[in-house]
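Engineer: One structure, as structure tokens, below. Some questions next.
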Protein chains: 2
Amino acid sequence: MVLLLRRHSELLLTIVNDISAAEPDAGRSVSPYTDNTMASSPIQGKLLASGSLAAACSTCSLRELCVPGGIPVVELEKLDAMVATRRRVKRGETLFNVGDEFRALFAVRSGFFKTRITSSDGRDQITGFQIPGELLGFEGVATEQHGVDAIALEDSEVCILPYGELERIARDFQPLQHQLHRVMSREIMREHNVMLLLGTMKAEERVAAFLLNLSERYRHLGYAANEFILRMTRQEIGSYLGLKLETVSRAFSKFQEQGVIEAQGKKITLLDIEQLRKLVSSHKN
Amino acid sequence: MVLLLRRHSELLLTIVNDISAAEPDAGRSVSPYTDNTMASSPIQGKLLASGSLAAACSTCSLRELCVPGGIPVVELEKLDAMVATRRRVKRGETLFNVGDEFRALFAVRSGFFKTRITSSDGRDQITGFQIPGELLGFEGVATEQHGVDAIALEDSEVCILPYGELERIARDFQPLQHQLHRVMSREIMREHNVMLLLGTMKAEERVAAFLLNLSERYRHLGYAANEFILRMTRQEIGSYLGLKLETVSRAFSKFQEQGVIEAQGKKITLLDIEQLRKLVSSHKN
DNA sequence: GAGGACTGTTGACCAGTATCAAAGACCACG
DNA sequence: CGTGGTCTTTGATACTGGTCAACAGTCCTC
């Protein structure tokens with residue numbers, strides 16, 4: 001399902017897909033409103049201090065989407081030894097801030113995050129939203145300090161992947177090293193697509209692309225693709241898309257008038273995905 | 001000199017600096033109009049077929065800026081064995097295209113490149129410009145196909161770093177692995193800053209930030225920081241900055257009227273860098 | 001369940017940038 | 001060294017999205 005940036009892929013699927021998932025994984029079709037992560041993955045080991053929990057890649061329902069993707073299950077136990085702990089982050093709390101020492105990557109296990117960069121003169125830009133199975137913190141490797149703020153938009157849980165150990169294990173276990181590189185490379189491609197969006201698209205095209213992207217990511221997770229709750233505000237969507245909140249709101253209203261989506265506050269239903277795709281590339285209709 | 005994204009760094013240096021260089025390296029102050037790469041680095045080994053040349057990291061004047069950065073000279077010979085060849089790319093030719101099989105990273109040895117992404121509906125976005133010492137191709141790791149077109153904007157030369165070998169050597173030699181990760185992470189941070197630029201800045205602020213960024217990168221290379229030749233057209237600058245070429249041209253004209261720069265076609269002189277920095281964050285003056 | 005604060009919607013107006021157009025400068029090539 | 005084509009500049013105009021404002025809805029807390 002890797003459609004990213006193939007020249008002749010239909011419409012703007014390039015922008016819509018930024019997870020190159022394993023298989024469709026049709027068996028796990030659950031509503032995004034219920035969190036099945038906890039239920040389907042028994043907590044192994046005892047609770048650790050202050051909201052930290054034991055983790056285990058080998059039994060994690062998200063393993064195909066996360067760092068272990070493509071690594072044989074038998075080898076995953078090496079990872080389990082390293083990914084010793086999880087951490088809970090309440091809605092509104094930060095997982096890390098700009099300037100914090102970089103020690104680990106984080107894998108979202110449940111919940112929803114935003115990452116934000118703030119310039120010295122006070123501009124904010126949201127650089128991404130992260131849903132379960134996605135990774136946080138790569139921007140910190142270069143300087144050994146985190147380069148963004150990571151903030152939970154709902155009560156969340158992350159696996160802590162201590163970076164030094166990750167590198168050490170990757171050294172002895174080539175597929176992991178390769179997978180790490182692939183995940184970082186995928187992040188670079190994702191950002192290329194955001195640059196394309198910010199650099200070339202009109203407001204409504206951006207909003208349509210944003211909705212399709214979220215939908216696609218939920219689908220990969222095994223959630224419903226055409227009905228979801230936005231965890232972020234209009235202002236946060238706007239920050240991500242380089243628009244003001246009013247413009248985002250107007251785009252939603254217009255799509256709703258056109259019968260393409262239904263938007264009741266944060267609850268979004270995509271009624272006509274094909275039409276939404278056309279809206280992304282409306283500039284030559 | 002890593003100023004990237006520290007919260008209280010002055011003005012928008014965050015955007016301006018995207019190379020975390022080693023030391024100021026004041027000894028190598030040369031004009032960008034002369035290419036000293038060839039002269040200072042003897043060509044070792046014989047010429048290979050069709051524009052390919054032998055390469056050697058250990059004697060390369062760019063080694064501190066490139067993959068070998070931070071790696072002890074004695075160890076560099078391992079890299080030399082791998083970076084077997086160089087390749088010449090004439091102005092206007094492509095180094096690789098979207099969809100090409102990804103086999104190697106490329107290090108710019110001399111010349112100037114742009115990387116470009118094209119969406120399925122025909123939009124173009126320039127995702128970066130690369131000058132000597134910078135790397136190309138990381139976006140290809142994820143899918144084993146290149147995700148951008150890389151096009152030489154002047155006659156150029158690159159070192160070919162076969163990716164499989166790079167991973168293999170990195171496995172046996174931890175500092176190289178770490179350096180690879182750092183370089184990819186740096187690319188992610190660079191793109192965060194471009195997103196900030198595209199998402200929050202006005203036209204003139206973008207152009208000012210662009211000029212400061214180029215200047216800073218030339219300075220790190222040991223070239224003059226306040227006088228350089230733009231290798232790209234106004235339209236290419238516009239594509240990178242999410243602007244139309246006329247808007248870029250008007251910004252140049254206005255800066256010139258204000259005495260901040262001098263622009264004679266592609267030759268740019270920065271007359272007042274401090275003022276240029278203020279222009280980047282003019283939104284609250 | 002009431003009050004307050006945050007979040008979202010909508011309208012009117014305006015600023016900034018795109019678009020269209022035309023002329024001038026520059027460059028590469030024969 | 002002249003010529004065609006590309007690149008750049010500048011002006012006039014149109015239009016998108018930003019800004020400001022008022023109000024409505026929603027959620028959270030007490």
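Every chain in the structure tokens has a letter given in the order shown (A, B, ...), and although residue numbers restart at 1 in each chain, ligands are simply numbered from 1 in the order shown.
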Within stretch 123-255 of chain A, find each residue whose DSSP state, derived from the backbone, is alpha helix (DSSP H), and express the selection as a compact mmCIF listing (two decimals) with N, CA and C atoms, in the first residue's frame.
Structural biologist:
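Dumped to part_28.txt:
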```
# COMPACT_ATOMS: atom_id res chain seq x y z
N TYR A 163 16.99 5.76 23.56
CA TYR A 163 17.64 5.83 22.26
C TYR A 163 18.99 5.15 22.21
N GLY A 164 19.74 5.29 23.27
CA GLY A 164 21.05 4.65 23.32
C GLY A 164 20.94 3.14 23.16
N GLU A 165 19.99 2.57 23.88
CA GLU A 165 19.80 1.13 23.77
C GLU A 165 19.30 0.72 22.40
N LEU A 166 18.42 1.57 21.86
CA LEU A 166 17.89 1.28 20.52
C LEU A 166 19.04 1.21 19.51
N GLU A 167 19.95 2.16 19.60
CA GLU A 167 21.09 2.14 18.69
C GLU A 167 21.97 0.91 18.93
N ARG A 168 22.11 0.57 20.20
CA ARG A 168 22.96 -0.56 20.52
C ARG A 168 22.37 -1.87 19.98
N ILE A 169 21.06 -2.01 20.18
CA ILE A 169 20.42 -3.23 19.68
C ILE A 169 20.43 -3.26 18.16
N ALA A 170 20.18 -2.08 17.58
CA ALA A 170 20.16 -1.99 16.12
C ALA A 170 21.50 -2.42 15.54
N ARG A 171 22.54 -2.20 16.31
CA ARG A 171 23.88 -2.53 15.84
C ARG A 171 24.04 -4.04 15.70
N ASP A 172 23.46 -4.75 16.66
CA ASP A 172 23.60 -6.21 16.61
C ASP A 172 22.51 -6.86 15.78
N GLN A 174 20.57 -6.14 12.45
CA GLN A 174 20.46 -5.33 11.24
C GLN A 174 19.02 -4.94 10.86
N PRO A 175 18.07 -5.87 10.89
CA PRO A 175 16.72 -5.48 10.46
C PRO A 175 16.15 -4.33 11.28
N LEU A 176 16.51 -4.26 12.54
CA LEU A 176 16.02 -3.16 13.36
C LEU A 176 16.66 -1.86 12.92
N GLN A 177 17.93 -1.91 12.64
CA GLN A 177 18.61 -0.71 12.17
C GLN A 177 17.94 -0.20 10.89
N HIS A 178 17.69 -1.13 10.00
CA HIS A 178 17.09 -0.76 8.74
C HIS A 178 15.69 -0.17 8.95
N GLN A 179 14.94 -0.79 9.84
CA GLN A 179 13.59 -0.31 10.13
C GLN A 179 13.62 1.11 10.72
N LEU A 180 14.58 1.35 11.58
CA LEU A 180 14.74 2.69 12.14
C LEU A 180 14.97 3.72 11.04
N HIS A 181 15.86 3.37 10.14
CA HIS A 181 16.14 4.28 9.02
C HIS A 181 14.89 4.50 8.19
N ARG A 182 14.15 3.42 7.98
CA ARG A 182 12.94 3.56 7.17
C ARG A 182 11.93 4.48 7.83
N VAL A 183 11.78 4.34 9.13
CA VAL A 183 10.81 5.18 9.83
C VAL A 183 11.22 6.65 9.77
N MET A 184 12.50 6.91 9.92
CA MET A 184 12.95 8.30 9.82
C MET A 184 12.78 8.83 8.41
N SER A 185 13.07 8.01 7.46
CA SER A 185 12.91 8.41 6.06
C SER A 185 11.45 8.69 5.75
N ARG A 186 10.58 7.89 6.32
CA ARG A 186 9.14 8.09 6.10
C ARG A 186 8.70 9.43 6.66
N GLU A 187 9.28 9.78 7.79
CA GLU A 187 8.97 11.09 8.38
C GLU A 187 9.42 12.22 7.45
N ILE A 188 10.56 12.03 6.83
CA ILE A 188 11.04 13.05 5.88
C ILE A 188 10.07 13.17 4.70
N MET A 189 9.60 12.03 4.20
CA MET A 189 8.64 12.08 3.09
C MET A 189 7.32 12.72 3.52
N ARG A 190 6.89 12.38 4.73
CA ARG A 190 5.66 12.99 5.22
C ARG A 190 5.79 14.51 5.21
N GLU A 191 6.94 14.98 5.65
CA GLU A 191 7.12 16.42 5.73
C GLU A 191 7.23 17.05 4.34
N HIS A 192 7.81 16.33 3.41
CA HIS A 192 7.79 16.82 2.02
C HIS A 192 6.35 17.07 1.58
N ASN A 193 5.48 16.16 1.92
CA ASN A 193 4.08 16.30 1.50
C ASN A 193 3.39 17.46 2.20
N VAL A 194 3.76 17.69 3.44
CA VAL A 194 3.20 18.85 4.13
C VAL A 194 3.72 20.13 3.47
N MET A 195 4.98 20.12 3.08
CA MET A 195 5.52 21.28 2.39
C MET A 195 4.76 21.53 1.08
N LEU A 196 4.45 20.46 0.38
CA LEU A 196 3.68 20.61 -0.86
C LEU A 196 2.31 21.21 -0.56
N LEU A 197 1.70 20.73 0.48
CA LEU A 197 0.40 21.25 0.89
C LEU A 197 0.48 22.73 1.24
N LEU A 198 1.45 23.07 2.08
CA LEU A 198 1.57 24.46 2.54
C LEU A 198 2.00 25.39 1.41
N GLY A 199 2.78 24.85 0.49
CA GLY A 199 3.35 25.70 -0.55
C GLY A 199 2.46 25.89 -1.75
N THR A 200 1.56 24.95 -2.00
CA THR A 200 0.83 25.02 -3.27
C THR A 200 -0.69 24.96 -3.17
N ALA A 203 -6.91 27.03 0.58
CA ALA A 203 -7.42 26.69 1.91
C ALA A 203 -8.29 25.43 1.90
N GLU A 204 -9.28 25.40 1.02
CA GLU A 204 -10.20 24.25 1.06
C GLU A 204 -9.50 22.97 0.63
N GLU A 205 -8.56 23.09 -0.27
CA GLU A 205 -7.79 21.91 -0.67
C GLU A 205 -7.00 21.36 0.52
N ARG A 206 -6.44 22.26 1.29
CA ARG A 206 -5.66 21.82 2.46
C ARG A 206 -6.55 21.09 3.46
N VAL A 207 -7.72 21.67 3.71
CA VAL A 207 -8.61 21.06 4.69
C VAL A 207 -9.07 19.69 4.20
N ALA A 208 -9.41 19.60 2.93
CA ALA A 208 -9.83 18.30 2.38
C ALA A 208 -8.70 17.29 2.49
N ALA A 209 -7.50 17.71 2.16
CA ALA A 209 -6.35 16.80 2.23
C ALA A 209 -6.12 16.35 3.67
N PHE A 210 -6.30 17.26 4.59
CA PHE A 210 -6.12 16.94 6.00
C PHE A 210 -7.11 15.87 6.45
N LEU A 211 -8.36 16.03 6.08
CA LEU A 211 -9.38 15.05 6.47
C LEU A 211 -9.09 13.69 5.86
N LEU A 212 -8.71 13.69 4.60
CA LEU A 212 -8.41 12.42 3.94
C LEU A 212 -7.21 11.74 4.58
N ASN A 213 -6.22 12.55 4.94
CA ASN A 213 -5.04 12.00 5.58
C ASN A 213 -5.39 11.34 6.91
N LEU A 214 -6.15 12.04 7.73
CA LEU A 214 -6.55 11.46 9.01
C LEU A 214 -7.34 10.17 8.80
N SER A 215 -8.27 10.24 7.88
CA SER A 215 -9.12 9.09 7.57
C SER A 215 -8.27 7.88 7.20
N GLU A 216 -7.30 8.14 6.34
CA GLU A 216 -6.44 7.06 5.87
C GLU A 216 -5.63 6.46 7.01
N ARG A 217 -5.17 7.31 7.89
CA ARG A 217 -4.37 6.81 9.01
C ARG A 217 -5.23 6.01 9.98
N TYR A 218 -6.44 6.46 10.21
CA TYR A 218 -7.33 5.67 11.06
C TYR A 218 -7.63 4.33 10.41
N ARG A 219 -7.82 4.35 9.10
CA ARG A 219 -8.10 3.10 8.40
C ARG A 219 -6.95 2.10 8.59
N HIS A 220 -5.73 2.60 8.45
CA HIS A 220 -4.57 1.72 8.65
C HIS A 220 -4.53 1.14 10.05
N LEU A 221 -5.01 1.93 10.98
CA LEU A 221 -5.02 1.47 12.37
C LEU A 221 -6.12 0.44 12.60
N ARG A 234 -10.15 23.75 15.97
CA ARG A 234 -10.04 24.37 14.63
C ARG A 234 -8.75 25.18 14.54
N GLN A 235 -8.40 25.78 15.64
CA GLN A 235 -7.19 26.61 15.65
C GLN A 235 -5.94 25.74 15.47
N GLU A 236 -5.97 24.55 16.05
CA GLU A 236 -4.82 23.66 15.89
C GLU A 236 -4.76 23.09 14.48
N ILE A 237 -5.91 22.78 13.92
CA ILE A 237 -5.93 22.35 12.52
C ILE A 237 -5.36 23.47 11.66
N GLY A 238 -5.82 24.68 11.94
CA GLY A 238 -5.34 25.83 11.19
C GLY A 238 -3.83 26.00 11.31
N SER A 239 -3.32 25.85 12.51
CA SER A 239 -1.88 25.99 12.69
C SER A 239 -1.11 24.97 11.85
N TYR A 240 -1.63 23.76 11.86
CA TYR A 240 -0.97 22.72 11.06
C TYR A 240 -1.02 23.04 9.57
N LEU A 241 -2.16 23.57 9.13
CA LEU A 241 -2.38 23.79 7.69
C LEU A 241 -1.97 25.18 7.21
N LEU A 245 -8.19 29.84 12.10
CA LEU A 245 -9.28 28.96 12.52
C LEU A 245 -10.59 29.26 11.79
N GLU A 246 -10.86 30.53 11.52
CA GLU A 246 -12.10 30.88 10.82
C GLU A 246 -12.13 30.25 9.43
N THR A 247 -10.98 30.23 8.79
CA THR A 247 -10.91 29.66 7.45
C THR A 247 -11.18 28.16 7.49
N VAL A 248 -10.65 27.50 8.49
CA VAL A 248 -10.91 26.07 8.65
C VAL A 248 -12.40 25.85 8.88
N SER A 249 -12.97 26.64 9.75
CA SER A 249 -14.38 26.51 10.06
C SER A 249 -15.24 26.72 8.81
N ARG A 250 -14.90 27.72 8.03
CA ARG A 250 -15.66 27.97 6.80
C ARG A 250 -15.53 26.82 5.82
N ALA A 251 -14.36 26.25 5.74
CA ALA A 251 -14.18 25.11 4.83
C ALA A 251 -15.07 23.95 5.27
N PHE A 252 -15.08 23.66 6.56
CA PHE A 252 -15.96 22.60 7.07
C PHE A 252 -17.42 22.89 6.71
N SER A 253 -17.83 24.14 6.96
CA SER A 253 -19.22 24.51 6.67
C SER A 253 -19.54 24.31 5.19
N LYS A 254 -18.61 24.72 4.35
CA LYS A 254 -18.85 24.60 2.91
C LYS A 254 -18.94 23.14 2.48
N PHE A 255 -18.03 22.33 2.98
CA PHE A 255 -18.07 20.90 2.64
C PHE A 255 -19.39 20.29 3.10
```
Engineer: Need the shell around A:Pro68: protein/DNA/RNA residues with any atom at most 12 Å away, counting only C-alpha atoms (C1' of nucleotides). Skip same-chain ones fewer than 4 positions apart. Format as JSON, numbers by chain?
Structural biologist: {"A": [22, 56, 57, 58, 59, 60, 61, 62, 63, 64, 72, 73, 74, 75, 76, 77, 78, 79, 80, 83, 107, 133, 134, 135, 161, 166, 170, 173, 175, 176, 177, 178, 179, 180, 182, 183]}
Engineer: Give me the residues near D:DT13 as number ranges by chain, where near means some atom within 12 Å (using only C-alpha atoms (C1' of nucleotides)) and where sequence neighbours in that chain fewer than 3 positions away do not count.
Structural biologist: C: 18-21
Engineer: Using only C-alpha atoms (C1' of nucleotides), determine which residues lie at most 8 Å from B:Val260, disregarding the query and same-chain residues fewer than 2 positions distant; provide the list as a list in words.
Structural biologist: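 So, after excluding close chain neighbours, the residues are Phe255, Gln256, Glu257, Gln258, Glu262, Leu270, Leu271, Asp272, Ile273, Gln275 and Leu276 of chain B.
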Engineer: With C-alpha atoms retained, could you export that selection as a PDB file, in the first residue's frame?
Structural biologist:
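Printed below is selection-v7.pdb as written:
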```pdb
ATOM      1  CA  PHE B 255      14.860  45.167   0.053  1.00  0.00           C
ATOM      2  CA  GLN B 256      17.091  46.865  -2.428  1.00  0.00           C
ATOM      3  CA  GLU B 257      15.182  50.145  -2.130  1.00  0.00           C
ATOM      4  CA  GLN B 258      15.601  49.885   1.629  1.00  0.00           C
ATOM      5  CA  GLU B 262      21.864  44.658  -3.512  1.00  0.00           C
ATOM      6  CA  LEU B 270      23.663  41.394   1.746  1.00  0.00           C
ATOM      7  CA  LEU B 271      24.341  44.933   2.920  1.00  0.00           C
ATOM      8  CA  ASP B 272      22.652  44.896   6.313  1.00  0.00           C
ATOM      9  CA  ILE B 273      22.260  41.456   7.789  1.00  0.00           C
ATOM     10  CA  GLN B 275      18.128  44.585   9.281  1.00  0.00           C
ATOM     11  CA  LEU B 276      17.421  41.467   7.240  1.00  0.00           C
TER      12      LEU B 276
END
```
Engineer: Show me a table, sorted first by chain and then by increasing residue number, of the residues of chain C having an atom at most 9 Å from chain B, each with its shortest atom pair and the distance in Å to one decimal, counting only C-alpha atoms (C1' of nucleotides) and written as JSON lines.
Structural biologist:
```
{"residue": "C:DG16", "atom": "C1'", "partner": "B:Lys202", "partner_atom": "CA", "distance": 8.4}
{"residue": "C:DT17", "atom": "C1'", "partner": "B:Thr247", "partner_atom": "CA", "distance": 7.3}
{"residue": "C:DA18", "atom": "C1'", "partner": "B:Lys244", "partner_atom": "CA", "distance": 7.2}
{"residue": "C:DA25", "atom": "C1'", "partner": "B:Gly265", "partner_atom": "CA", "distance": 8.7}
{"residue": "C:DC26", "atom": "C1'", "partner": "B:Gly265", "partner_atom": "CA", "distance": 8.3}
```
Engineer: Can you write just those residues out, N, CA and C atoms (P, O5', C5', C4', C3', O3' and C1' of nucleotides), as a PDB file, in the first residue's frame?
Structural biologist:
```
ATOM      1  P    DG C  16      -0.774  44.064   4.513  1.00  0.00           P
ATOM      2  O5'  DG C  16      -0.739  42.743   3.617  1.00  0.00           O
ATOM      3  C5'  DG C  16      -1.077  41.507   4.224  1.00  0.00           C
ATOM      4  C4'  DG C  16      -1.008  40.433   3.171  1.00  0.00           C
ATOM      5  C3'  DG C  16       0.260  40.476   2.326  1.00  0.00           C
ATOM      6  O3'  DG C  16       0.662  39.137   2.140  1.00  0.00           O
ATOM      7  C1'  DG C  16      -1.629  40.674   0.914  1.00  0.00           C
ATOM      8  P    DT C  17       2.091  38.748   1.648  1.00  0.00           P
ATOM      9  O5'  DT C  17       1.748  37.984   0.301  1.00  0.00           O
ATOM     10  C5'  DT C  17       0.803  36.927   0.375  1.00  0.00           C
ATOM     11  C4'  DT C  17       0.204  36.692  -0.985  1.00  0.00           C
ATOM     12  C3'  DT C  17       1.226  36.533  -2.112  1.00  0.00           C
ATOM     13  O3'  DT C  17       0.952  35.287  -2.703  1.00  0.00           O
ATOM     14  C1'  DT C  17      -0.533  37.963  -2.769  1.00  0.00           C
ATOM     15  P    DA C  18       1.738  34.665  -3.903  1.00  0.00           P
ATOM     16  O5'  DA C  18       0.582  34.554  -5.003  1.00  0.00           O
ATOM     17  C5'  DA C  18      -0.628  33.901  -4.639  1.00  0.00           C
ATOM     18  C4'  DA C  18      -1.633  34.033  -5.761  1.00  0.00           C
ATOM     19  C3'  DA C  18      -1.121  33.639  -7.144  1.00  0.00           C
ATOM     20  O3'  DA C  18      -2.149  32.913  -7.814  1.00  0.00           O
ATOM     21  C1'  DA C  18      -1.830  35.908  -7.180  1.00  0.00           C
ATOM     22  P    DA C  25      16.781  47.588 -19.816  1.00  0.00           P
ATOM     23  O5'  DA C  25      17.276  46.164 -19.295  1.00  0.00           O
ATOM     24  C5'  DA C  25      17.069  45.822 -17.921  1.00  0.00           C
ATOM     25  C4'  DA C  25      17.622  44.428 -17.683  1.00  0.00           C
ATOM     26  C3'  DA C  25      19.069  44.257 -18.125  1.00  0.00           C
ATOM     27  O3'  DA C  25      19.760  43.645 -17.039  1.00  0.00           O
ATOM     28  C1'  DA C  25      17.692  42.574 -19.101  1.00  0.00           C
ATOM     29  P    DC C  26      21.323  43.428 -17.091  1.00  0.00           P
ATOM     30  O5'  DC C  26      21.406  41.877 -17.442  1.00  0.00           O
ATOM     31  C5'  DC C  26      20.617  40.954 -16.693  1.00  0.00           C
ATOM     32  C4'  DC C  26      20.705  39.615 -17.382  1.00  0.00           C
ATOM     33  C3'  DC C  26      22.118  39.262 -17.828  1.00  0.00           C
ATOM     34  O3'  DC C  26      22.499  38.093 -17.125  1.00  0.00           O
ATOM     35  C1'  DC C  26      20.496  38.822 -19.530  1.00  0.00           C
TER      36       DC C  26
END
```
Engineer: Interatomic distance between atom CA of A:Ile160 and atom CA of A:Ala104?
Structural biologist: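 Result for atom CA of A:Ile160 versus atom CA of A:Ala104: 6.3 Å, one decimal.
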Engineer: Suppose you want the space between atom CA of B:Phe96 and atom CA of B:Asp149; what is it in Å?
Structural biologist: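 Straight-line distance from atom CA of B:Phe96 to atom CA of B:Asp149 works out to 5.8 Å.
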Engineer: Per residue of chain C within 10 Å of stretch 21-28 of chain D, record the nearest atom pair and its distance in Å to one decimal, counting only C-alpha atoms (C1' of nucleotides), with rows in chain order and ascending residue number, as JSON lines.
Structural biologist:
```
{"residue": "C:DG4", "atom": "C1'", "partner": "D:DC28", "partner_atom": "C1'", "distance": 9.3}
{"residue": "C:DA5", "atom": "C1'", "partner": "D:DC28", "partner_atom": "C1'", "distance": 8.8}
{"residue": "C:DC6", "atom": "C1'", "partner": "D:DC27", "partner_atom": "C1'", "distance": 8.1}
{"residue": "C:DT7", "atom": "C1'", "partner": "D:DT26", "partner_atom": "C1'", "distance": 7.3}
{"residue": "C:DG8", "atom": "C1'", "partner": "D:DG25", "partner_atom": "C1'", "distance": 7.2}
{"residue": "C:DT9", "atom": "C1'", "partner": "D:DA24", "partner_atom": "C1'", "distance": 7.5}
{"residue": "C:DT10", "atom": "C1'", "partner": "D:DC23", "partner_atom": "C1'", "distance": 8.9}
{"residue": "C:DG11", "atom": "C1'", "partner": "D:DA21", "partner_atom": "C1'", "distance": 9.0}
{"residue": "C:DA12", "atom": "C1'", "partner": "D:DA21", "partner_atom": "C1'", "distance": 9.2}
```
Engineer: I'd like the contact shell of C:DC14 - 12 Å cut-off, only C-alpha atoms (C1' of nucleotides), skipping same-chain residues fewer than 5 positions apart - returned as a PDB file with N, CA and C atoms (P, O5', C5', C4', C3', O3' and C1' of nucleotides), in the first residue's frame.
Structural biologist:
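Written out: out.pdb:
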```
ATOM      1  P    DT D  16     -11.228  33.485  -5.117  1.00  0.00           P
ATOM      2  O5'  DT D  16     -10.246  32.744  -4.116  1.00  0.00           O
ATOM      3  C5'  DT D  16      -8.840  32.688  -4.395  1.00  0.00           C
ATOM      4  C4'  DT D  16      -8.062  32.916  -3.113  1.00  0.00           C
ATOM      5  C3'  DT D  16      -8.651  32.220  -1.894  1.00  0.00           C
ATOM      6  O3'  DT D  16      -7.608  31.452  -1.319  1.00  0.00           O
ATOM      7  C1'  DT D  16      -8.269  34.510  -1.423  1.00  0.00           C
ATOM      8  P    DG D  17      -7.836  30.434  -0.137  1.00  0.00           P
ATOM      9  O5'  DG D  17      -7.517  31.336   1.130  1.00  0.00           O
ATOM     10  C5'  DG D  17      -6.217  31.871   1.248  1.00  0.00           C
ATOM     11  C4'  DG D  17      -6.192  32.881   2.346  1.00  0.00           C
ATOM     12  C3'  DG D  17      -6.689  32.381   3.705  1.00  0.00           C
ATOM     13  O3'  DG D  17      -5.791  32.904   4.648  1.00  0.00           O
ATOM     14  C1'  DG D  17      -7.854  34.319   3.128  1.00  0.00           C
ATOM     15  P    DG D  18      -5.713  32.595   6.147  1.00  0.00           P
ATOM     16  O5'  DG D  18      -5.591  34.046   6.774  1.00  0.00           O
ATOM     17  C5'  DG D  18      -4.540  34.900   6.310  1.00  0.00           C
ATOM     18  C4'  DG D  18      -4.755  36.294   6.859  1.00  0.00           C
ATOM     19  C3'  DG D  18      -4.994  36.343   8.365  1.00  0.00           C
ATOM     20  O3'  DG D  18      -4.282  37.458   8.909  1.00  0.00           O
ATOM     21  C1'  DG D  18      -6.873  37.249   7.222  1.00  0.00           C
ATOM     22  P    DT D  19      -4.280  37.718  10.459  1.00  0.00           P
ATOM     23  O5'  DT D  19      -5.451  38.762  10.708  1.00  0.00           O
ATOM     24  C5'  DT D  19      -5.431  40.004  10.024  1.00  0.00           C
ATOM     25  C4'  DT D  19      -6.627  40.831  10.431  1.00  0.00           C
ATOM     26  C3'  DT D  19      -6.958  40.798  11.927  1.00  0.00           C
ATOM     27  O3'  DT D  19      -7.062  42.144  12.361  1.00  0.00           O
ATOM     28  C1'  DT D  19      -8.892  40.349  10.640  1.00  0.00           C
ATOM     29  P    DC D  20      -7.095  42.503  13.933  1.00  0.00           P
ATOM     30  O5'  DC D  20      -8.650  42.845  14.142  1.00  0.00           O
ATOM     31  C5'  DC D  20      -9.296  43.707  13.212  1.00  0.00           C
ATOM     32  C4'  DC D  20     -10.782  43.734  13.492  1.00  0.00           C
ATOM     33  C3'  DC D  20     -11.170  43.598  14.966  1.00  0.00           C
ATOM     34  O3'  DC D  20     -12.122  44.601  15.258  1.00  0.00           O
ATOM     35  C1'  DC D  20     -12.342  42.020  13.662  1.00  0.00           C
TER      36       DC D  20
END
```
Engineer: Please indicate the distance in Å from atom C1' of C:DA2 to atom CA of A:Thr233, rounded to one decimal place.
Structural biologist: 25.3 Å
Engineer: Pull the strand (DSSP E) assignments for stretch 23-228 of chain B out of DSSP run on the backbone, and list those residues as a PyMOL selection string.
Structural biologist: chain B and resi 52-54+85-89+94-96+104-118+124-130+135-136+149-162+227-228
Engineer: Convert the current residue selection to file output with C-alpha atoms, as a short mmCIF file (atom, residue, chain, number, x, y, z; two decimals), in the first residue's frame.
Structural biologist:
```cif
data_model
loop_
_atom_site.label_atom_id
_atom_site.label_comp_id
_atom_site.auth_asym_id
_atom_site.auth_seq_id
_atom_site.Cartn_x
_atom_site.Cartn_y
_atom_site.Cartn_z
CA SER B 52 32.60 8.59 -12.47
CA LEU B 53 35.65 9.32 -10.39
CA ALA B 54 37.32 7.88 -7.39
CA THR B 85 33.08 6.64 -6.93
CA ARG B 86 31.97 10.10 -7.72
CA ARG B 87 29.62 11.21 -10.41
CA ARG B 88 29.37 14.33 -12.47
CA VAL B 89 26.01 15.86 -13.24
CA THR B 94 18.87 14.95 -12.96
CA LEU B 95 20.82 12.96 -10.42
CA PHE B 96 17.76 10.80 -9.83
CA ALA B 104 22.70 5.19 -2.63
CA LEU B 105 22.84 8.48 -0.88
CA PHE B 106 24.70 11.28 -2.59
CA ALA B 107 26.95 13.86 -1.06
CA VAL B 108 27.32 17.08 -2.98
CA ARG B 109 30.98 17.65 -3.60
CA SER B 110 30.70 20.67 -5.81
CA GLY B 111 27.84 22.43 -7.52
CA PHE B 112 24.24 23.04 -6.59
CA PHE B 113 21.07 20.93 -6.60
CA LYS B 114 17.39 21.32 -6.08
CA THR B 115 15.02 18.58 -4.98
CA ARG B 116 11.48 18.67 -6.23
CA ILE B 117 8.31 16.81 -5.48
CA THR B 118 5.47 16.71 -7.99
CA ASP B 124 5.43 21.27 -8.02
CA GLN B 125 7.14 22.03 -4.78
CA ILE B 126 10.86 22.48 -4.37
CA THR B 127 11.71 20.81 -1.08
CA GLY B 128 15.27 21.98 -0.79
CA PHE B 129 18.44 23.31 -2.34
CA GLN B 130 21.67 21.45 -1.68
CA LEU B 135 23.36 15.06 1.37
CA LEU B 136 20.68 13.92 -1.01
CA ASP B 149 13.64 14.54 -8.34
CA ALA B 150 17.17 15.82 -7.76
CA ILE B 151 18.28 18.27 -10.43
CA ALA B 152 21.62 19.99 -10.81
CA LEU B 153 21.34 23.76 -11.10
CA GLU B 154 24.93 24.01 -12.19
CA ASP B 155 27.58 21.53 -13.27
CA SER B 156 28.05 19.45 -10.17
CA GLU B 157 29.82 16.51 -8.69
CA VAL B 158 28.56 14.10 -6.06
CA CYS B 159 30.07 11.28 -4.03
CA ILE B 160 28.08 8.08 -4.28
CA LEU B 161 27.44 6.39 -0.94
CA PRO B 162 25.94 2.97 -1.65
CA GLU B 227 27.87 38.00 -1.37
CA PHE B 228 26.80 35.11 -3.52
#
```
